[in-house]
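> Okay, so here is target_33.txt, and as you'll see once you scroll down, it has compact mmCIF, C-alpha atoms.
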# COMPACT_ATOMS: atom_id res chain seq x y z
CA MET A 1 19.64 7.90 -12.07
CA ASP A 2 21.66 10.99 -11.24
CA THR A 3 19.23 13.85 -11.94
CA SER A 4 21.11 16.58 -10.08
CA GLY A 5 20.89 19.92 -11.88
CA GLU A 6 17.88 18.83 -13.96
CA ILE A 7 14.42 20.41 -13.90
CA LYS A 8 12.01 17.58 -13.06
CA SER A 9 9.32 18.57 -15.56
CA LYS A 10 6.70 16.19 -16.89
CA HIS A 11 8.62 15.84 -20.17
CA TYR A 12 11.91 15.08 -18.41
CA ILE A 13 10.30 12.40 -16.23
CA ALA A 14 8.41 10.96 -19.20
CA ASP A 15 11.61 10.81 -21.28
CA MET A 16 13.38 8.86 -18.51
CA MET A 17 10.47 6.42 -18.24
CA ALA A 18 10.30 6.04 -22.02
CA GLY A 19 14.01 5.21 -22.13
CA VAL A 20 13.57 2.40 -19.61
CA ILE A 21 10.47 1.12 -21.44
CA GLN A 22 12.40 0.95 -24.69
CA GLU A 23 15.28 -0.82 -22.94
CA VAL A 24 12.97 -3.44 -21.43
CA GLY A 25 10.78 -3.67 -24.50
CA GLU A 26 7.35 -2.06 -24.74
CA GLU A 27 5.69 -5.44 -25.20
CA ASN A 28 7.03 -6.48 -21.77
CA VAL A 29 5.67 -3.46 -19.88
CA ILE A 30 2.15 -3.30 -18.46
CA GLN A 31 2.28 -0.19 -16.25
CA VAL A 32 4.38 2.61 -14.81
CA ILE A 33 3.68 3.48 -11.17
CA THR A 34 4.34 6.92 -9.72
CA ASP A 35 3.06 8.93 -6.80
CA ASN A 36 0.07 11.23 -7.30
CA ALA A 37 1.98 14.49 -7.76
CA PRO A 38 0.59 16.48 -10.73
CA VAL A 39 3.94 16.41 -12.58
CA CYS A 40 4.16 12.60 -12.22
CA LYS A 41 0.57 12.14 -13.34
CA ALA A 42 1.21 14.38 -16.36
CA ALA A 43 4.31 12.31 -17.19
CA GLY A 44 2.17 9.17 -16.95
CA MET A 45 -0.32 10.62 -19.42
CA ILE A 46 2.53 11.34 -21.86
CA ILE A 47 3.71 7.72 -21.53
CA GLU A 48 0.16 6.44 -22.19
CA SER A 49 -0.09 8.56 -25.35
CA SER A 50 3.35 7.57 -26.66
CA CYS A 51 3.13 3.89 -25.62
CA PRO A 52 -0.48 2.84 -26.39
CA LYS A 53 -0.31 -0.48 -24.51
CA VAL A 54 1.25 0.90 -21.31
CA PHE A 55 -0.86 2.21 -18.42
CA TRP A 56 -0.06 4.82 -15.81
CA THR A 57 -1.27 3.87 -12.33
CA PRO A 58 -0.93 5.86 -9.12
CA TYR A 59 1.00 4.56 -6.13
CA ILE A 60 -1.94 3.09 -4.19
CA VAL A 61 -0.26 3.48 -0.78
CA HIS A 62 0.31 7.17 -1.54
CA THR A 63 -3.43 7.44 -2.17
CA LEU A 64 -4.13 5.76 1.16
CA ASN A 65 -1.64 8.05 2.87
CA LEU A 66 -3.35 11.14 1.45
CA ALA A 67 -6.68 9.83 2.73
CA LEU A 68 -5.14 9.25 6.18
CA LYS A 69 -3.69 12.77 6.16
CA ASN A 70 -7.15 14.18 5.40
CA ILE A 71 -8.57 12.20 8.33
CA CYS A 72 -5.74 12.39 10.87
CA ALA A 73 -4.36 15.85 10.09
CA ALA A 74 -7.54 17.74 9.27
CA LYS A 75 -7.18 21.49 8.72
CA ASN A 76 -9.74 24.05 9.81
CA THR A 77 -10.51 25.82 6.54
CA GLU A 78 -13.78 26.91 5.01
CA ARG A 79 -13.57 24.08 2.50
CA ASN A 80 -12.85 21.43 5.16
CA GLU A 81 -15.13 22.71 7.93
CA VAL A 82 -17.18 19.48 8.13
CA VAL A 83 -14.05 17.30 8.10
CA TRP A 84 -12.45 19.41 10.82
CA THR A 85 -15.57 19.22 13.00
CA GLU A 86 -15.61 15.42 12.93
CA CYS A 87 -11.89 14.59 12.78
CA ASN A 88 -10.04 17.29 14.72
CA TRP A 89 -9.96 15.07 17.82
CA ILE A 90 -7.56 12.74 15.99
CA THR A 91 -5.26 15.66 15.20
CA GLN A 92 -5.35 16.73 18.84
CA ILE A 93 -4.46 13.21 20.01
CA ALA A 94 -1.55 13.05 17.54
CA ASP A 95 -0.30 16.43 18.82
CA ASP A 96 -0.55 15.21 22.44
CA VAL A 97 1.38 12.03 21.59
CA SER A 98 4.09 14.06 19.86
CA PHE A 99 4.34 16.31 22.91
CA VAL A 100 4.74 13.36 25.30
CA ARG A 101 7.23 11.71 22.97
CA ASN A 102 9.39 14.86 22.80
CA PHE A 103 9.04 15.40 26.55
CA ILE A 104 10.64 11.98 27.18
CA MET A 105 13.06 11.52 24.29
CA ASN A 106 14.55 15.03 24.27
CA HIS A 107 15.72 14.82 27.90
CA SER A 108 18.51 12.37 28.72
CA MET A 109 17.38 11.56 32.27
CA ARG A 110 13.73 10.97 31.31
CA ASN A 111 14.92 8.81 28.42
CA VAL A 112 17.11 6.69 30.71
CA ILE A 113 14.17 6.14 33.09
CA PHE A 114 11.88 5.19 30.22
CA LYS A 115 14.37 2.59 28.92
CA GLN A 116 14.15 0.81 32.28
CA PHE A 117 10.50 0.01 31.53
CA SER A 118 10.66 -0.67 27.79
CA SER A 119 13.12 -2.12 25.29
CA PHE A 120 11.23 -0.34 22.49
CA LYS A 121 11.55 3.25 21.34
CA LEU A 122 8.87 5.88 21.08
CA LEU A 123 8.81 6.36 17.31
CA ASP A 124 9.31 9.75 15.75
CA VAL A 125 8.14 8.98 12.23
CA PHE A 126 8.86 11.39 9.42
CA ASP A 127 5.79 12.96 7.80
CA THR A 128 6.96 11.64 4.44
CA ARG A 129 6.55 8.03 5.61
CA PHE A 130 3.26 6.39 4.73
CA ALA A 131 0.66 6.26 7.50
CA SER A 132 3.16 8.04 9.76
CA VAL A 133 0.54 9.27 12.25
CA ILE A 134 -1.04 5.82 12.57
CA VAL A 135 2.37 4.15 12.99
CA MET A 136 3.30 6.61 15.75
CA LEU A 137 -0.05 6.22 17.55
CA ARG A 138 0.05 2.43 17.37
CA ARG A 139 3.54 2.33 18.89
CA PHE A 140 2.43 4.77 21.59
CA LYS A 141 -0.57 2.59 22.41
CA PHE A 142 1.65 -0.50 22.49
CA LEU A 143 3.89 1.21 25.05
CA LYS A 144 1.06 2.50 27.19
CA ARG A 145 1.77 0.18 30.13
CA SER A 146 5.45 1.10 30.11
CA LEU A 147 4.57 4.78 30.20
CA GLN A 148 2.12 4.23 33.05
CA SER A 149 4.75 2.36 35.05
CA MET A 150 7.29 5.06 34.38
CA VAL A 151 5.14 7.84 35.80
CA ILE A 152 3.61 5.55 38.49
CA SER A 153 0.09 6.28 37.31
CA GLU A 154 -3.17 4.32 37.54
CA GLU A 155 -3.67 1.53 35.00
CA TRP A 156 -6.25 2.13 32.33
CA ASN A 157 -9.28 -0.16 32.50
CA SER A 158 -9.93 -1.00 28.88
CA TYR A 159 -8.43 -1.10 25.42
CA ARG A 160 -10.17 -0.18 22.22
CA GLU A 161 -9.23 -1.07 18.68
CA ASP A 162 -8.31 1.99 16.67
CA ASP A 163 -10.86 2.95 14.02
CA MET A 164 -8.20 3.25 11.31
CA GLU A 165 -6.85 -0.29 11.64
CA PRO A 166 -8.49 -1.50 8.35
CA ILE A 167 -6.71 1.32 6.47
CA TYR A 168 -3.47 0.53 8.28
CA ASN A 169 -3.79 -3.16 7.34
CA MET A 170 -4.31 -2.32 3.66
CA VAL A 171 -1.21 -0.10 3.76
CA ARG A 172 0.73 -3.07 5.15
CA VAL A 173 -0.45 -5.35 2.32
CA CYS A 174 0.10 -2.89 -0.53
CA ASP A 175 3.29 -1.18 0.63
CA THR A 176 5.49 -3.96 -0.77
CA ASP A 177 6.60 -5.09 -4.21
CA GLU A 178 4.32 -8.14 -3.99
CA SER A 179 1.68 -8.81 -6.68
CA THR A 180 -1.38 -6.95 -5.37
CA LEU A 181 -2.79 -5.06 -8.36
CA HIS A 182 -5.55 -7.65 -8.86
CA LEU A 183 -6.59 -7.34 -5.20
CA VAL A 184 -6.78 -3.56 -4.77
CA TYR A 185 -10.31 -2.95 -6.09
CA GLU A 186 -11.93 -5.52 -3.79
CA MET A 187 -9.66 -4.63 -0.86
CA TRP A 188 -10.71 -0.98 -1.00
CA ASP A 189 -14.41 -1.91 -0.88
CA SER A 190 -13.81 -4.31 2.01
CA MET A 191 -11.68 -1.73 3.82
CA ILE A 192 -14.54 0.79 3.77
CA GLU A 193 -16.93 -1.77 5.23
CA LYS A 194 -14.45 -2.64 7.98
CA VAL A 195 -13.93 1.05 8.78
CA LYS A 196 -17.69 1.44 9.12
CA ALA A 197 -17.95 -1.60 11.42
CA SER A 198 -15.06 -0.32 13.57
CA ILE A 199 -16.49 3.21 13.92
CA TYR A 200 -20.03 1.96 14.64
CA ARG A 201 -18.66 -0.43 17.27
CA HIS A 202 -16.69 2.39 18.87
CA GLU A 203 -19.84 4.57 18.93
CA GLY A 204 -21.97 1.73 20.32
CA LYS A 205 -24.18 1.50 17.23
CA ASP A 206 -25.49 -1.48 15.31
CA LEU A 207 -24.47 -1.76 11.65
CA ASN A 208 -28.15 -1.90 10.72
CA ASP A 209 -28.85 1.21 12.78
CA THR A 210 -30.52 3.83 10.57
CA SER A 211 -29.13 6.71 12.63
CA ILE A 212 -26.33 8.67 10.99
CA SER A 213 -22.72 8.71 12.20
CA PRO A 214 -21.31 12.13 11.22
CA PHE A 215 -17.73 10.92 11.78
CA TYR A 216 -18.19 7.87 9.52
CA ASN A 217 -19.83 10.03 6.84
CA VAL A 218 -16.76 12.27 6.76
CA VAL A 219 -14.32 9.34 6.65
CA TYR A 220 -16.42 7.58 3.98
CA SER A 221 -16.55 10.67 1.75
CA ILE A 222 -12.75 11.09 1.99
CA LEU A 223 -12.05 7.45 1.11
CA ILE A 224 -14.52 7.47 -1.79
CA ASP A 225 -13.17 10.77 -3.11
CA ARG A 226 -9.57 9.51 -3.02
CA TRP A 227 -10.50 6.24 -4.70
CA SER A 228 -12.57 7.98 -7.40
CA LYS A 229 -9.55 10.12 -8.31
CA ASN A 230 -7.07 7.25 -8.39
CA CYS A 231 -8.97 4.19 -9.57
CA THR A 232 -7.71 3.40 -13.06
CA PRO A 233 -8.98 1.08 -15.80
CA LEU A 234 -6.08 -1.26 -14.99
CA HIS A 235 -7.31 -1.72 -11.41
CA CYS A 236 -10.72 -2.66 -12.78
CA LEU A 237 -9.32 -5.01 -15.42
CA ALA A 238 -7.07 -6.79 -12.92
CA HIS A 239 -10.06 -7.26 -10.58
CA TYR A 240 -12.12 -8.43 -13.55
CA LEU A 241 -9.64 -11.17 -14.44
CA ASN A 242 -9.31 -12.69 -10.96
CA PRO A 243 -11.11 -16.07 -11.05
CA ARG A 244 -11.70 -16.04 -7.28
CA TYR A 245 -14.24 -13.24 -7.64
CA TYR A 246 -16.46 -15.52 -9.74
CA SER A 247 -16.56 -18.35 -7.20
CA ASP A 248 -19.70 -19.11 -5.21
CA GLU A 249 -17.70 -19.16 -1.97
CA TRP A 250 -16.52 -15.57 -2.45
CA LEU A 251 -19.97 -14.34 -3.42
CA ARG A 252 -21.58 -15.99 -0.38
CA GLU A 253 -19.25 -14.15 2.04
CA ASP A 254 -21.22 -10.93 1.51
CA PRO A 255 -24.78 -10.73 0.11
CA ASN A 256 -23.96 -7.38 -1.53
CA ARG A 257 -21.19 -8.85 -3.69
CA VAL A 258 -21.64 -9.44 -7.43
CA SER A 259 -19.39 -11.08 -9.98
CA PRO A 260 -17.17 -8.61 -11.88
CA HIS A 261 -19.03 -9.17 -15.15
CA GLU A 262 -22.22 -7.94 -13.42
CA ASP A 263 -20.63 -4.68 -12.26
CA GLU A 264 -21.30 -1.82 -14.69
CA GLU A 265 -18.27 0.31 -13.73
CA ILE A 266 -15.85 -2.60 -14.04
CA CYS A 267 -17.29 -3.68 -17.39
CA THR A 268 -16.95 -0.18 -18.81
CA GLN A 269 -13.32 0.08 -17.72
CA ARG A 270 -12.62 -3.44 -19.00
CA ASN A 271 -13.76 -2.45 -22.48
CA ASN A 272 -11.51 0.62 -22.34
CA CYS A 273 -8.55 -1.61 -21.51
CA PHE A 274 -9.37 -4.13 -24.23
CA ARG A 275 -9.46 -1.35 -26.84
CA LYS A 276 -6.04 -0.18 -25.66
CA LEU A 277 -4.34 -3.56 -25.33
CA PHE A 278 -5.80 -5.26 -28.42
CA THR A 279 -5.46 -2.94 -31.37
CA THR A 280 -7.18 -4.99 -34.09
CA VAL A 281 -10.86 -5.87 -34.36
CA GLU A 282 -10.00 -9.54 -34.81
CA GLU A 283 -7.93 -9.68 -31.60
CA ARG A 284 -10.66 -7.94 -29.61
CA LYS A 285 -13.27 -10.33 -30.94
CA LYS A 286 -11.20 -13.37 -29.92
CA VAL A 287 -10.46 -12.10 -26.43
CA LYS A 288 -14.10 -11.17 -25.85
CA ILE A 289 -15.20 -14.68 -26.78
CA GLU A 290 -12.54 -16.17 -24.50
CA TYR A 291 -13.65 -13.94 -21.64
CA ALA A 292 -17.35 -14.71 -22.21
CA ASN A 293 -16.59 -18.44 -21.89
CA PHE A 294 -14.55 -17.82 -18.72
CA SER A 295 -17.11 -15.58 -16.96
CA SER A 296 -20.10 -17.77 -17.87
CA LYS A 297 -18.22 -21.00 -16.97
CA SER A 298 -19.04 -22.49 -20.36
CA ASN A 299 -17.28 -24.47 -23.10
CA SER A 300 -13.71 -25.26 -21.93
CA PHE A 301 -14.32 -23.64 -18.51
CA ASP A 302 -17.33 -25.73 -17.45
CA SER A 303 -15.48 -28.66 -15.84
CA PHE A 304 -16.00 -29.38 -12.14
CA TYR A 305 -12.31 -28.89 -11.27
CA SER A 306 -12.05 -25.64 -13.22
CA ILE A 307 -15.00 -24.18 -11.29
CA GLU A 308 -13.94 -25.60 -7.91
CA ASP A 309 -10.34 -24.37 -8.25
CA ARG A 310 -11.45 -20.75 -8.73
CA TRP A 311 -11.76 -20.61 -4.95
CA VAL A 312 -9.16 -23.22 -4.00
CA LEU A 313 -6.16 -22.01 -6.04
CA ASP A 314 -4.52 -18.62 -6.12
CA PRO A 315 -5.33 -16.69 -9.35
CA LYS A 316 -1.99 -17.31 -11.06
CA SER A 317 -2.05 -21.06 -10.38
CA TRP A 318 -5.60 -21.28 -11.67
CA ARG A 319 -4.63 -19.57 -14.93
CA VAL A 320 -1.69 -21.93 -15.41
CA MET A 321 -3.85 -25.00 -14.69
CA HIS A 322 -7.04 -24.09 -16.53
CA GLY A 323 -6.35 -21.08 -18.77
CA SER A 324 -4.86 -22.77 -21.85
CA PRO A 325 -8.17 -22.85 -23.82
CA ALA A 326 -8.00 -19.04 -23.92
CA PRO A 327 -4.42 -18.23 -25.06
CA LEU A 328 -4.87 -14.47 -25.62
CA PHE A 329 -6.69 -14.14 -22.35
CA GLN A 330 -4.17 -16.27 -20.47
CA LYS A 331 -1.18 -14.27 -21.71
CA LEU A 332 -2.76 -10.99 -20.58
CA VAL A 333 -3.85 -12.35 -17.20
CA LEU A 334 -0.45 -13.83 -16.34
CA LYS A 335 1.08 -10.40 -16.96
CA LEU A 336 -1.44 -8.62 -14.76
CA LEU A 337 -1.32 -11.12 -11.90
CA VAL A 338 2.34 -10.34 -11.18
CA GLN A 339 1.90 -6.56 -11.09
CA PRO A 340 2.48 -4.61 -7.84
CA SER A 341 0.21 -1.75 -6.82
CA SER A 342 2.92 0.41 -5.28
CA SER A 343 6.45 1.60 -6.01
CA SER A 344 7.73 0.57 -2.57
CA CYS A 345 11.02 -0.78 -3.89
CA CYS A 346 11.80 2.67 -5.31
CA GLU A 347 10.81 4.37 -2.05
CA ILE A 348 13.20 2.10 -0.14
CA ASN A 349 15.97 2.87 -2.62
CA TRP A 350 15.44 6.62 -2.15
CA SER A 351 15.59 6.21 1.63
CA THR A 352 18.76 4.14 1.30
CA TYR A 353 20.29 6.78 -0.97
CA SER A 354 19.50 9.61 1.46
CA PHE A 355 21.01 7.54 4.29
CA ILE A 356 24.28 6.90 2.42
CA HIS A 357 24.59 10.35 0.81
CA SER A 358 24.15 12.24 4.08
CA LEU A 359 25.52 15.54 5.36
CA LYS A 360 28.55 13.66 6.69
CA ARG A 361 29.23 12.00 3.33
CA ASN A 362 28.04 14.59 0.82
CA LYS A 363 31.27 14.44 -1.20
CA LEU A 364 30.66 10.91 -2.44
CA ASN A 365 30.46 10.92 -6.22
CA PRO A 366 27.20 9.64 -7.81
CA LYS A 367 28.81 6.41 -9.08
CA ARG A 368 30.13 5.53 -5.62
CA VAL A 369 26.74 6.18 -4.02
CA GLU A 370 25.00 4.16 -6.74
CA ASP A 371 27.26 1.17 -6.03
CA LEU A 372 26.61 1.36 -2.29
CA VAL A 373 22.84 1.59 -2.81
CA TYR A 374 23.03 -1.34 -5.23
CA VAL A 375 24.88 -3.53 -2.71
CA HIS A 376 22.63 -2.59 0.19
CA THR A 377 19.40 -3.10 -1.77
CA ASN A 378 20.46 -6.48 -3.14
CA LEU A 379 21.49 -7.70 0.31
CA ARG A 380 17.99 -6.73 1.41
CA LEU A 381 16.46 -8.62 -1.52
CA LEU A 382 18.52 -11.71 -0.71
CA GLY A 383 17.31 -11.47 2.88
CA ARG A 384 13.73 -11.61 1.62
CA LYS A 385 14.38 -15.02 0.08
CA CYS A 386 14.94 -16.58 3.51
CA GLU A 387 12.11 -18.40 5.26
CA GLU A 388 12.76 -16.31 8.37
CA TYR A 389 11.66 -13.18 6.48
CA LYS A 390 8.04 -14.38 6.42
CA GLU A 391 7.96 -16.79 9.32
CA GLY A 392 10.71 -16.02 11.83
CA SER A 393 11.12 -13.54 14.64
CA THR A 394 12.34 -10.88 12.19
CA LYS A 395 9.25 -11.23 9.99
CA MET A 396 8.90 -8.39 7.46
CA TRP A 397 11.77 -6.56 9.18
CA ASP A 398 12.24 -3.98 6.44
CA ILE A 399 8.57 -3.26 5.71
CA GLY A 400 8.90 0.35 6.80
CA GLY A 401 11.92 1.11 4.66
CA ASP A 402 14.99 2.82 6.01
CA ALA A 403 14.30 5.46 8.65
CA TRP A 404 17.41 6.52 10.52
CA GLU A 405 18.38 9.39 12.73
CA SER A 406 21.82 11.02 13.09
CA PHE A 407 24.94 8.85 12.87
CA ASP A 408 27.60 11.37 13.80
CA GLY A 409 30.97 9.88 14.65
CA VAL A 410 30.27 6.29 13.61
CA GLY A 411 32.42 4.04 11.47
CA THR A 412 30.55 0.77 10.96
CA LEU A 413 26.85 1.61 11.06
CA GLU A 414 24.57 -0.60 13.11
CA VAL A 415 21.20 0.74 12.12
CA ALA A 416 17.95 0.03 13.98
CA SER A 417 15.35 -0.64 11.31
CA LEU A 418 12.12 0.51 12.93
CA SER A 419 9.88 -2.25 11.65
CA LEU A 420 6.14 -2.37 12.19
CA ASP A 421 6.57 -5.94 13.44
CA ASP A 422 9.31 -5.57 16.03
CA GLY A 423 9.57 -8.51 18.39
CA GLU A 424 9.77 -8.30 22.15
CA GLY A 425 13.54 -8.47 22.02
CA GLY A 426 13.83 -4.97 20.54
CA ASP A 427 14.59 -3.60 17.10
CA ASP A 428 16.34 -5.75 14.54
CA ILE A 429 19.85 -4.69 13.56
CA ASP A 430 20.97 -4.14 9.99
CA THR A 431 24.78 -3.82 9.87
CA ILE A 432 26.15 -1.87 6.91
CA PRO A 433 29.90 -1.26 6.65
CA ILE A 434 30.69 2.10 5.06
CA SER A 435 34.31 2.91 4.21
What would you get if you wrote out this structure as structure tokens?

Amino acid sequence: MDTSGEIKSKHYIADMMAGVIQEVGEENVIQVITDNAPVCKAAGMIIESSCPKVFWTPYIVHTLNLALKNICAAKNTERNEVVWTECNWITQIADDVSFVRNFIMNHSMRNVIFKQFSSFKLLDVFDTRFASVIVMLRRFKFLKRSLQSMVISEEWNSYREDDMEPIYNMVRVCDTDESTLHLVYEMWDSMIEKVKASIYRHEGKDLNDTSISPFYNVVYSILIDRWSKNCTPLHCLAHYLNPRYYSDEWLREDPNRVSPHEDEEICTQRNNCFRKLFTTVEERKKVKIEYANFSSKSNSFDSFYSIEDRWVLDPKSWRVMHGSPAPLFQKLVLKLLVQPSSSSCCEINWSTYSFIHSLKRNKLNPKRVEDLVYVHTNLRLLGRKCEEYKEGSTKMWDIGGDAWESFDGVGTLEVASLSLDDGEGGDDIDTIPIS
């Protein structure tokens, strides 16, 4: 939408969202996803009040990115003194990496020498990109041997896994338009446990060690604080309705796990959602009975195959195969199981727009730009339908969105998409003709 000249207030954003909801049909909308900016959150609250069955949910990757910024770009203020004490070494490393990167890439001769040892680039990731510090550090670590060869220095003796890899991996999973809403609640809990294991391993401690890790305590408090602010009833309900989390196999993986219907927080949020989604007492009574049968594996859900398939099948397939005895419940679940947890497709569109409507082409009218963005985005979507997108050498080539530098003096643009999964042959090329 062309919003130039408009004040992006909460009411303006809410009105735009409401218009789209009415166009699609309120009964077909489960949630609106925005970033965590106060104005967007306020607009989400307006939508929830005007559309009783629609939820506002925060962009989960934005939440993760804010947590990473607290950890990796800690600031020395009175409020954050403890965080700074434990995490400032990460900030210092990131500054050192940026210095080395600029030292090489901003000098033509050094850059030419570096290219003799590596077909990859040293990434300069914009701060607005999610997990930008982690992406930059991972690329730098990947190119360590090339840098050593370039400066003819001694080889390092050992490699260590970075302590933020679990967070990075969750960003990778959620920063797509795939159906992940029903996985976020459990993934966040598992991510915290993996972060703890990684930090304790790095510090040479046993997980059962009773001694305190000040660094882990700081990271843990940041992750919990971010999750507490951004966990919504819809996250809890989606987790609640996933049949896999009731299977014995899933529960046996970790002795601390409990089924969703035994978790007090999830049950409370579930009831809040039921009151919002089912407006009559009769509907709520029916859906509660259907859920009770599902969670207790009784009545129509007590067959051997129904119970076994909770672990074997993916949640959507299980609902299609075994959910018919609970029609109200099945209809709700099938809607939730196709929901994303992030607005990545919008982020990619914004990046594409800023690429096309650049300083060199700032006279393009909004309709022309809209058409070019439409064509580019749909070509990208068609590319995702190919088997090579998930299995081939260009796997997940556009996961990072569009991040381009200057293109002065070019006609046909051959753009290096700096993917997180670049192969050894170098960056993949996305050719976009611009007239």
> Could you work out how far atom CA of His202 of chain A lies from atom CA of Glu165 of chain A, giving the answer in Å with one decimal?
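Pair atom CA of Glu165 of chain A / atom CA of His202 of chain A returns 12.5 Å.
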> Rounded to one decimal, what separation in Å do you get between atom CA of Asn28 of chain A and atom CA of Pro315 of chain A?
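According to the coordinates, atom CA of Asn28 of chain A and atom CA of Pro315 of chain A are separated by 20.3 Å.
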> Mind pulling up the distance from atom CA of Ser317 of chain A to atom CA of Tyr240 of chain A?
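Between these atoms lies a distance of 16.5 Å.
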> Of the candidates A:Glu193, A:Glu48, A:Asp35, A:Glu27, which one gets nearest to Cys273 of chain A if we count all atoms listed in the file?
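Distance minimum relative to Cys273 of chain A lands on A:Glu48.
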> So that I can see what lies close to Leu237 of chain A, please list as a ChimeraX atom specification the residues with an atom at most 9 Å from it, counting only C-alpha atoms and leaving out residues fewer than 4 positions away in the same chain.
/A:182,232-233,241-242,266-267,269-271,273-274,336
> For the residues in that selection, give me C-alpha atoms as a PDB file, keeping the file's coordinate frame.

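Listing of again22.pdb after writing:
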ATOM      1  CA  HIS A 182      -5.550  -7.650  -8.860  1.00  0.00           C
ATOM      2  CA  THR A 232      -7.710   3.400 -13.060  1.00  0.00           C
ATOM      3  CA  PRO A 233      -8.980   1.080 -15.800  1.00  0.00           C
ATOM      4  CA  LEU A 241      -9.640 -11.170 -14.440  1.00  0.00           C
ATOM      5  CA  ASN A 242      -9.310 -12.690 -10.960  1.00  0.00           C
ATOM      6  CA  ILE A 266     -15.850  -2.600 -14.040  1.00  0.00           C
ATOM      7  CA  CYS A 267     -17.290  -3.680 -17.390  1.00  0.00           C
ATOM      8  CA  GLN A 269     -13.320   0.080 -17.720  1.00  0.00           C
ATOM      9  CA  ARG A 270     -12.620  -3.440 -19.000  1.00  0.00           C
ATOM     10  CA  ASN A 271     -13.760  -2.450 -22.480  1.00  0.00           C
ATOM     11  CA  CYS A 273      -8.550  -1.610 -21.510  1.00  0.00           C
ATOM     12  CA  PHE A 274      -9.370  -4.130 -24.230  1.00  0.00           C
ATOM     13  CA  LEU A 336      -1.440  -8.620 -14.760  1.00  0.00           C
TER      14      LEU A 336
END
> Considering all atoms listed in the file, return as a list in words whatever protein or nucleic-acid residues lie within 12 Å of Lys8 of chain A, sequence-local ones (same chain, fewer than 6 positions apart) excluded.
Asp2, Ala14, Asp15, Met16, Ala37, Pro38, Val39, Cys40, Ala42 and Ala43 of chain A
> Calculated over only C-alpha atoms, which of the candidates A:Ile93, A:Asn106, A:His376, A:Phe329 has the smallest distance to Arg138 of chain A?
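Between A:Ile93, A:Asn106, A:His376, A:Phe329, the residue approaching Arg138 of chain A most closely is A:Ile93.
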> May I have the residues within 12 Å of segment 77-84 of chain A as a list in words, using only C-alpha atoms and disregarding those fewer than 6 positions away in the same chain?
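Contacts, with the query itself left out: Ala67, Lys69, Asn70, Ile71, Ile90, Thr91, Gln92, Pro214, Phe215, Tyr216, Asn217, Val218, Val219, Tyr220, Ser221 and Ile222 of chain A.
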> How close does segment 135-206 of chain A get to segment 380-388 of chain A? List, as JSON lines, each residue of segment 135-206 of chain A within 12 Å, its nearest atom pair and the distance in Å to one decimal, counting only C-alpha atoms.

{"residue": "A:Thr176", "atom": "CA", "partner": "A:Arg384", "partner_atom": "CA", "distance": 11.5}
{"residue": "A:Asp177", "atom": "CA", "partner": "A:Leu381", "partner_atom": "CA", "distance": 10.8}
{"residue": "A:Glu178", "atom": "CA", "partner": "A:Arg384", "partner_atom": "CA", "distance": 11.5}
> I'd like the box whose edges run along x, y and z of the file and which contains every listed atom of segment 20-33 of chain A, padded by 8 Å per side; could you state its centre and edge lengths in Å, one decimal, as JSON?

{"center_x": 8.7, "center_y": -1.5, "center_z": -18.2, "size_x": 29.1, "size_y": 26.0, "size_z": 30.0}
> Please reconstruct the missing atoms of segment 224-233 of chain A (target: N, CA and C atoms) and return them as a PDB file, in the coordinates of the input.

ATOM      1  N   ILE A 224     -13.904   7.586  -0.471  1.00  0.00           N
ATOM      2  CA  ILE A 224     -14.520   7.470  -1.790  1.00  0.00           C
ATOM      3  C   ILE A 224     -13.930   8.503  -2.755  1.00  0.00           C
ATOM      4  N   ASP A 225     -13.732   9.718  -2.263  1.00  0.00           N
ATOM      5  CA  ASP A 225     -13.170  10.770  -3.110  1.00  0.00           C
ATOM      6  C   ASP A 225     -11.763  10.410  -3.575  1.00  0.00           C
ATOM      7  N   ARG A 226     -10.936   9.898  -2.651  1.00  0.00           N
ATOM      8  CA  ARG A 226      -9.570   9.510  -3.020  1.00  0.00           C
ATOM      9  C   ARG A 226      -9.577   8.363  -4.018  1.00  0.00           C
ATOM     10  N   TRP A 227     -10.449   7.396  -3.798  1.00  0.00           N
ATOM     11  CA  TRP A 227     -10.500   6.240  -4.700  1.00  0.00           C
ATOM     12  C   TRP A 227     -11.012   6.643  -6.079  1.00  0.00           C
ATOM     13  N   SER A 228     -12.008   7.534  -6.115  1.00  0.00           N
ATOM     14  CA  SER A 228     -12.570   7.980  -7.400  1.00  0.00           C
ATOM     15  C   SER A 228     -11.507   8.668  -8.248  1.00  0.00           C
ATOM     16  N   LYS A 229     -10.599   9.403  -7.576  1.00  0.00           N
ATOM     17  CA  LYS A 229      -9.550  10.120  -8.310  1.00  0.00           C
ATOM     18  C   LYS A 229      -8.429   9.204  -8.778  1.00  0.00           C
ATOM     19  N   ASN A 230      -8.254   8.066  -8.123  1.00  0.00           N
ATOM     20  CA  ASN A 230      -7.070   7.250  -8.390  1.00  0.00           C
ATOM     21  C   ASN A 230      -7.367   5.836  -8.872  1.00  0.00           C
ATOM     22  N   CYS A 231      -8.636   5.487  -8.985  1.00  0.00           N
ATOM     23  CA  CYS A 231      -8.970   4.190  -9.570  1.00  0.00           C
ATOM     24  C   CYS A 231      -8.783   4.267 -11.075  1.00  0.00           C
ATOM     25  N   THR A 232      -8.001   3.377 -11.635  1.00  0.00           N
ATOM     26  CA  THR A 232      -7.710   3.400 -13.060  1.00  0.00           C
ATOM     27  C   THR A 232      -8.334   2.194 -13.763  1.00  0.00           C
ATOM     28  N   PRO A 233      -8.456   2.244 -15.086  1.00  0.00           N
ATOM     29  CA  PRO A 233      -8.980   1.080 -15.800  1.00  0.00           C
ATOM     30  C   PRO A 233      -8.199  -0.202 -15.519  1.00  0.00           C
TER      31      PRO A 233
END
